[in-house]
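One structure is given here, and the rest of the page talks about it.
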Amino acid sequence: MLNEITVNASTLHKALKLGSRELGLKIKEVDYIILKKEKKGFFKNSIKVRIFKKPDSDDIYSDTKSRDGYFRIQYRDGYAYLVVLPPKTFGRPVYSDEIINRFKILNINFFNVIALDKIIDNADGLPKKIVKWHEGYKILSKVHFNISNDNLKAYAVINPPAYTEGEIDEKYLLKLIKDKGIIYGIKINKIKEAVNKKIYNSEILIAEGKKAFIGNHGRTKYYFNTEPGKPYLVDRYGRINLKELNFISNVKKETLLAELIEPVSAVNGKDVFGKTMYADTLKSEHVKPGKNCYQNGNKIYSMIDGNAYVKDGFVNVDSVIVLKNVDYSTGNINFDGAVQVEGAVADGFKVHATGLIEIHDCVGKAQIKSDHNVILKSGINGKNEGSIEADGMIIARFIEAANIRTFNDLIVDEVIMHSKVLASGSILLKGRRAEIIGGKTIAKKLLKCKKLGSKNGTETVVYCGIDPDLIIIVDELKEKIEKINSDIREGTLRLQHIEKEAIKKPDNAEEKLKIEMLKKNMAALNKHQNDTIKHYNEIFHNLKPDPDNRIIAEEKIYNGVTIYFGREIYRTDINDISRVTLHYENKKIIASEYR
């Protein structure tokens, strides 16, 4: 097998390609010396090159019987360094012409031939600084850095050099890394491997930071059901079994309610640039003892028999009162705890409680208000006067002609009819009928039923994806604007009448005073109108619904239903729509088939 070959070609690349093929090597495995370079015409060049196998570092220093001399030029810190190795036995030496030709190719201006001959004669294999090489950095391998978005990982990509003299070493790569500002988590072994094995055009992990560990103030382990009534029991017809909700979590005095688990400290991290990444400690998950509870060490106990629940970060136990009915025999109920009514609440009476309110019979023109949940095991026919308000959920079999406000979810088994219903959570109808007919229904989150509207085209208005309080404000401002407009119209007519009468009595001071006062009142009304319209527009234009919320009609949306997602309106004025899901996307209400 040939060790070297002399090749004539038009370009260096063609010569290397031809020579390496003849030697049975890859181009990157050969080195070369240009023996002669000529320009034969405007477009024609000729180059004569001696091509030979590039010795490995082990081969260069190995103790073989015969070996040619070898030289290498290196760029370091603005200078050209020369390494010359002597031949062995019958090997040929390095000649100064070879080195000078190489200098010319690399644009190294070297004039001290005596010093060059001395280095060749010594041939000790050590790098010798020979001359300043201002252009030398241009032939070095280019290094590109990629930093992860969180600055926790830094990668280097080394491009192969145009000449073997451009190969970089560990020291130079570390300098580039430092110049980039990367100072923490540097992986020296990876850097050494990349340089020694000449890993090109591949991402090399050169530094890795330390991720911040988010701690917490501890968590709470509960010994009672914190979500009573869930999961809801549904019969084969899809109806919620209101008799089996069991929203009361009964506990006895001195019952262990909760245990506070020890906190875990946060640990700060550091990115590859040495910047501290502060770990935000999570909000405390520890609850505190509330009503009728006490803490002993890291445990919370009940002080009384009653209904246990968690609210606003406190464990509470309510005493529970059980009433047959709420009527003239009891009067209005205002109780700091849970209330169970086994019968009915008579028209005109009020039941206010801080805890759960559970009523078994139908509610009429009564006012029910709870800081917790309200369970109507029958329902409410409010005759346009009855109302229910709850900070928690409201669950009922039916709702008719009533005003409902929940700051959580509303779950109805059968029907909502001709009512004003506002829910800051979802509204779910799950029973055999599961209908919403007439009235105004507002759900901030999901609204799901079987039918919306009725065959008779009953006017039914539904809002979705918007906080009910904003809708109330918009409606109130709209009514206020209409009232102001009416006042302005009346004032204008009155002013016109007085001015007409004043023409008949030009010298009447009283008439002039009336006109002046009325004009001031009109100016104030106009300003009030402008301010109110401005306020209305500010709120109205910010009615942006959440795109994740949906209205689902499992069976049908009837003609006569108006649906709002923020400012966008969807009407079914012509035909009924079957099995549909509506959602808001790109400022439009999108209808798709319910599956």
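Chain labels follow the order of the structure tokens: the first chain is A, the next B, and so on; residue numbering restarts at 1 in every chain, and ligands are counted from 1 in their shown order.
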
_According to DSSP computed on the backbone, where in region 457-559 of chain A is there alpha helix (DSSP H)? Give the residues as JSON, numbers by chain._
{"A": [468, 469, 470, 471, 472, 473, 474, 475, 476, 477, 478, 479, 480, 481, 482, 483, 484, 485, 486, 487, 488, 489, 490, 491, 492, 493, 494, 495, 496, 497, 498, 499, 500, 501, 502, 503, 504, 509, 510, 511, 512, 513, 514, 515, 516, 517, 518, 519, 520, 521, 522, 523, 524, 525, 526, 527, 528, 529, 530, 531, 532, 533, 534, 535, 536, 537, 538, 539, 540]}

*Quick one: everything within 8 Å of region 372-380 of chain A, counting only C-alpha atoms, minus sequence neighbours fewer than 3 positions away in the same chain. Send it as a VMD selection string.*
chain A and resid 242 to 243 354 to 364 369 386 390 to 400 402

Save out the residues we just selected, N, CA and C atoms, as a PDB file, in the first residue's frame.
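This went into out-v7.pdb:
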```pdb
ATOM      1  N   LEU A 242     -80.446  13.181  44.235  1.00  0.00           N
ATOM      2  CA  LEU A 242     -80.319  14.219  45.245  1.00  0.00           C
ATOM      3  C   LEU A 242     -80.488  13.674  46.661  1.00  0.00           C
ATOM      4  N   LYS A 243     -81.039  12.487  46.788  1.00  0.00           N
ATOM      5  CA  LYS A 243     -81.227  11.914  48.122  1.00  0.00           C
ATOM      6  C   LYS A 243     -79.937  11.328  48.689  1.00  0.00           C
ATOM      7  N   THR A 354     -74.227  30.339  57.651  1.00  0.00           N
ATOM      8  CA  THR A 354     -72.817  30.353  57.243  1.00  0.00           C
ATOM      9  C   THR A 354     -72.403  28.998  56.691  1.00  0.00           C
ATOM     10  N   GLY A 355     -73.116  27.956  57.073  1.00  0.00           N
ATOM     11  CA  GLY A 355     -72.790  26.614  56.611  1.00  0.00           C
ATOM     12  C   GLY A 355     -73.747  26.132  55.538  1.00  0.00           C
ATOM     13  N   LEU A 356     -73.744  24.848  55.316  1.00  0.00           N
ATOM     14  CA  LEU A 356     -74.602  24.218  54.317  1.00  0.00           C
ATOM     15  C   LEU A 356     -76.076  24.398  54.650  1.00  0.00           C
ATOM     16  N   ILE A 357     -76.892  24.680  53.638  1.00  0.00           N
ATOM     17  CA  ILE A 357     -78.354  24.698  53.791  1.00  0.00           C
ATOM     18  C   ILE A 357     -78.920  23.566  52.938  1.00  0.00           C
ATOM     19  N   GLU A 358     -79.702  22.702  53.572  1.00  0.00           N
ATOM     20  CA  GLU A 358     -80.308  21.578  52.862  1.00  0.00           C
ATOM     21  C   GLU A 358     -81.819  21.609  53.122  1.00  0.00           C
ATOM     22  N   ILE A 359     -82.618  21.683  52.042  1.00  0.00           N
ATOM     23  CA  ILE A 359     -84.077  21.779  52.166  1.00  0.00           C
ATOM     24  C   ILE A 359     -84.703  20.651  51.358  1.00  0.00           C
ATOM     25  N   HIS A 360     -85.604  19.895  51.979  1.00  0.00           N
ATOM     26  CA  HIS A 360     -86.143  18.705  51.339  1.00  0.00           C
ATOM     27  C   HIS A 360     -87.342  18.996  50.437  1.00  0.00           C
ATOM     28  N   ASP A 361     -88.261  19.864  50.878  1.00  0.00           N
ATOM     29  CA  ASP A 361     -89.451  20.149  50.068  1.00  0.00           C
ATOM     30  C   ASP A 361     -89.222  21.371  49.185  1.00  0.00           C
ATOM     31  N   CYS A 362     -90.198  21.622  48.309  1.00  0.00           N
ATOM     32  CA  CYS A 362     -90.084  22.717  47.338  1.00  0.00           C
ATOM     33  C   CYS A 362     -90.048  24.069  48.043  1.00  0.00           C
ATOM     34  N   VAL A 363     -89.210  24.967  47.496  1.00  0.00           N
ATOM     35  CA  VAL A 363     -89.102  26.329  48.009  1.00  0.00           C
ATOM     36  C   VAL A 363     -89.925  27.247  47.114  1.00  0.00           C
ATOM     37  N   GLY A 364     -90.647  28.193  47.720  1.00  0.00           N
ATOM     38  CA  GLY A 364     -91.459  29.142  46.942  1.00  0.00           C
ATOM     39  C   GLY A 364     -90.862  30.529  46.987  1.00  0.00           C
ATOM     40  N   LYS A 369     -79.939  31.998  51.566  1.00  0.00           N
ATOM     41  CA  LYS A 369     -78.582  32.504  51.372  1.00  0.00           C
ATOM     42  C   LYS A 369     -77.619  31.730  52.266  1.00  0.00           C
ATOM     43  N   GLY A 386     -88.814  34.578  44.647  1.00  0.00           N
ATOM     44  CA  GLY A 386     -87.921  33.712  45.409  1.00  0.00           C
ATOM     45  C   GLY A 386     -86.485  33.807  44.892  1.00  0.00           C
ATOM     46  N   ALA A 390     -75.516  31.579  46.994  1.00  0.00           N
ATOM     47  CA  ALA A 390     -74.564  30.710  47.693  1.00  0.00           C
ATOM     48  C   ALA A 390     -73.146  31.025  47.258  1.00  0.00           C
ATOM     49  N   ASP A 391     -72.229  31.059  48.243  1.00  0.00           N
ATOM     50  CA  ASP A 391     -70.801  31.175  47.903  1.00  0.00           C
ATOM     51  C   ASP A 391     -70.295  29.874  47.302  1.00  0.00           C
ATOM     52  N   GLY A 392     -70.905  28.771  47.692  1.00  0.00           N
ATOM     53  CA  GLY A 392     -70.524  27.470  47.158  1.00  0.00           C
ATOM     54  C   GLY A 392     -71.447  27.049  46.031  1.00  0.00           C
ATOM     55  N   MET A 393     -71.689  25.753  45.900  1.00  0.00           N
ATOM     56  CA  MET A 393     -72.540  25.226  44.837  1.00  0.00           C
ATOM     57  C   MET A 393     -74.010  25.314  45.206  1.00  0.00           C
ATOM     58  N   ILE A 394     -74.847  25.304  44.169  1.00  0.00           N
ATOM     59  CA  ILE A 394     -76.294  25.142  44.347  1.00  0.00           C
ATOM     60  C   ILE A 394     -76.711  23.909  43.564  1.00  0.00           C
ATOM     61  N   ILE A 395     -77.430  23.020  44.213  1.00  0.00           N
ATOM     62  CA  ILE A 395     -77.910  21.794  43.569  1.00  0.00           C
ATOM     63  C   ILE A 395     -79.420  21.715  43.777  1.00  0.00           C
ATOM     64  N   ALA A 396     -80.178  21.516  42.696  1.00  0.00           N
ATOM     65  CA  ALA A 396     -81.642  21.475  42.791  1.00  0.00           C
ATOM     66  C   ALA A 396     -82.205  20.534  41.734  1.00  0.00           C
ATOM     67  N   ARG A 397     -83.445  20.051  41.991  1.00  0.00           N
ATOM     68  CA  ARG A 397     -84.094  19.222  40.977  1.00  0.00           C
ATOM     69  C   ARG A 397     -84.632  20.096  39.856  1.00  0.00           C
ATOM     70  N   PHE A 398     -85.210  21.257  40.204  1.00  0.00           N
ATOM     71  CA  PHE A 398     -85.677  22.174  39.166  1.00  0.00           C
ATOM     72  C   PHE A 398     -85.615  23.600  39.694  1.00  0.00           C
ATOM     73  N   ILE A 399     -85.618  24.570  38.773  1.00  0.00           N
ATOM     74  CA  ILE A 399     -85.653  25.990  39.118  1.00  0.00           C
ATOM     75  C   ILE A 399     -86.672  26.654  38.205  1.00  0.00           C
ATOM     76  N   GLU A 400     -87.641  27.368  38.804  1.00  0.00           N
ATOM     77  CA  GLU A 400     -88.672  28.035  38.009  1.00  0.00           C
ATOM     78  C   GLU A 400     -88.956  29.415  38.594  1.00  0.00           C
ATOM     79  N   ALA A 402     -87.276  32.083  39.372  1.00  0.00           N
ATOM     80  CA  ALA A 402     -86.496  32.428  40.556  1.00  0.00           C
ATOM     81  C   ALA A 402     -85.220  33.166  40.148  1.00  0.00           C
TER      82      ALA A 402
END
```

So which residues touch Lys440 (chain A) within 6 Å, counting only C-alpha atoms, skipping near sequence neighbours fewer than 2 positions away, as a CSV table (one decimal) with N, CA and C atoms, in the first residue's frame?
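part-v4.csv was written with the following content:
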```csv
chain,number,residue,atom,x,y,z
A,420,LYS,N,-83.7,34.0,36.3
A,420,LYS,CA,-82.4,34.7,36.1
A,420,LYS,C,-81.4,33.9,36.9
A,461,VAL,N,-82.2,33.8,26.7
A,461,VAL,CA,-80.9,34.5,26.5
A,461,VAL,C,-79.9,33.7,27.4
A,462,VAL,N,-78.7,33.4,26.7
A,462,VAL,CA,-77.7,32.7,27.4
A,462,VAL,C,-76.3,33.4,27.2
```

*Enumerate as a ChimeraX atom specification all residues of region 374-458 of chain A assigned to strand (DSSP E or B) by DSSP on the backbone, naming them with the chain letters and numbers the document uses.*
/A:374-381,387-390,394-400,403-406,410-417,420-423,427-429,435-437,439-443,447-452

_Report as a PyMOL selection string all protein, DNA and RNA residues lying within 12 Å of Ile589 (chain A), evaluated on only C-alpha atoms, omitting residues in the same chain fewer than 6 positions from it._
chain A and resi 464-465+545-547+549-551+563-571+581-583

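Excluding Asn384 (chain A) itself and any same-chain residue fewer than 4 positions from it, the protein and nucleic acid residues within 8 Å of it, counting only C-alpha atoms, are Lys365, Ala401, Ala402, Asn403 and Ser419 of chain A.
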
Could the residues in this selection be written to a file with all heavy atoms, as a short mmCIF file (atom, residue, chain, number, x, y, z; two decimals), in the first residue's frame?
```cif
data_model
loop_
_atom_site.label_atom_id
_atom_site.label_comp_id
_atom_site.auth_asym_id
_atom_site.auth_seq_id
_atom_site.Cartn_x
_atom_site.Cartn_y
_atom_site.Cartn_z
N LYS A 365 -91.68 31.52 47.39
CA LYS A 365 -91.22 32.91 47.43
C LYS A 365 -90.42 33.16 48.72
O LYS A 365 -90.83 33.94 49.58
CB LYS A 365 -92.40 33.85 47.33
CG LYS A 365 -93.12 33.80 46.00
CD LYS A 365 -94.14 34.92 45.85
CE LYS A 365 -95.29 34.80 46.82
NZ LYS A 365 -96.31 35.86 46.61
N ALA A 401 -88.95 30.43 37.72
CA ALA A 401 -89.32 31.80 38.08
C ALA A 401 -88.60 32.25 39.35
O ALA A 401 -89.22 32.73 40.30
CB ALA A 401 -90.84 31.90 38.26
N ALA A 402 -87.28 32.08 39.37
CA ALA A 402 -86.50 32.43 40.56
C ALA A 402 -85.22 33.17 40.15
O ALA A 402 -84.81 33.14 38.99
CB ALA A 402 -86.14 31.16 41.34
N ASN A 403 -84.63 33.82 41.13
CA ASN A 403 -83.34 34.50 40.94
C ASN A 403 -82.27 33.68 41.65
O ASN A 403 -82.34 33.48 42.88
CB ASN A 403 -83.38 35.91 41.52
CG ASN A 403 -84.33 36.80 40.75
OD1 ASN A 403 -84.20 36.98 39.55
ND2 ASN A 403 -85.33 37.35 41.46
N SER A 419 -86.15 32.00 34.57
CA SER A 419 -85.41 32.44 35.75
C SER A 419 -84.19 33.25 35.35
O SER A 419 -83.71 33.18 34.21
CB SER A 419 -84.97 31.23 36.59
OG SER A 419 -86.09 30.53 37.07
#
```
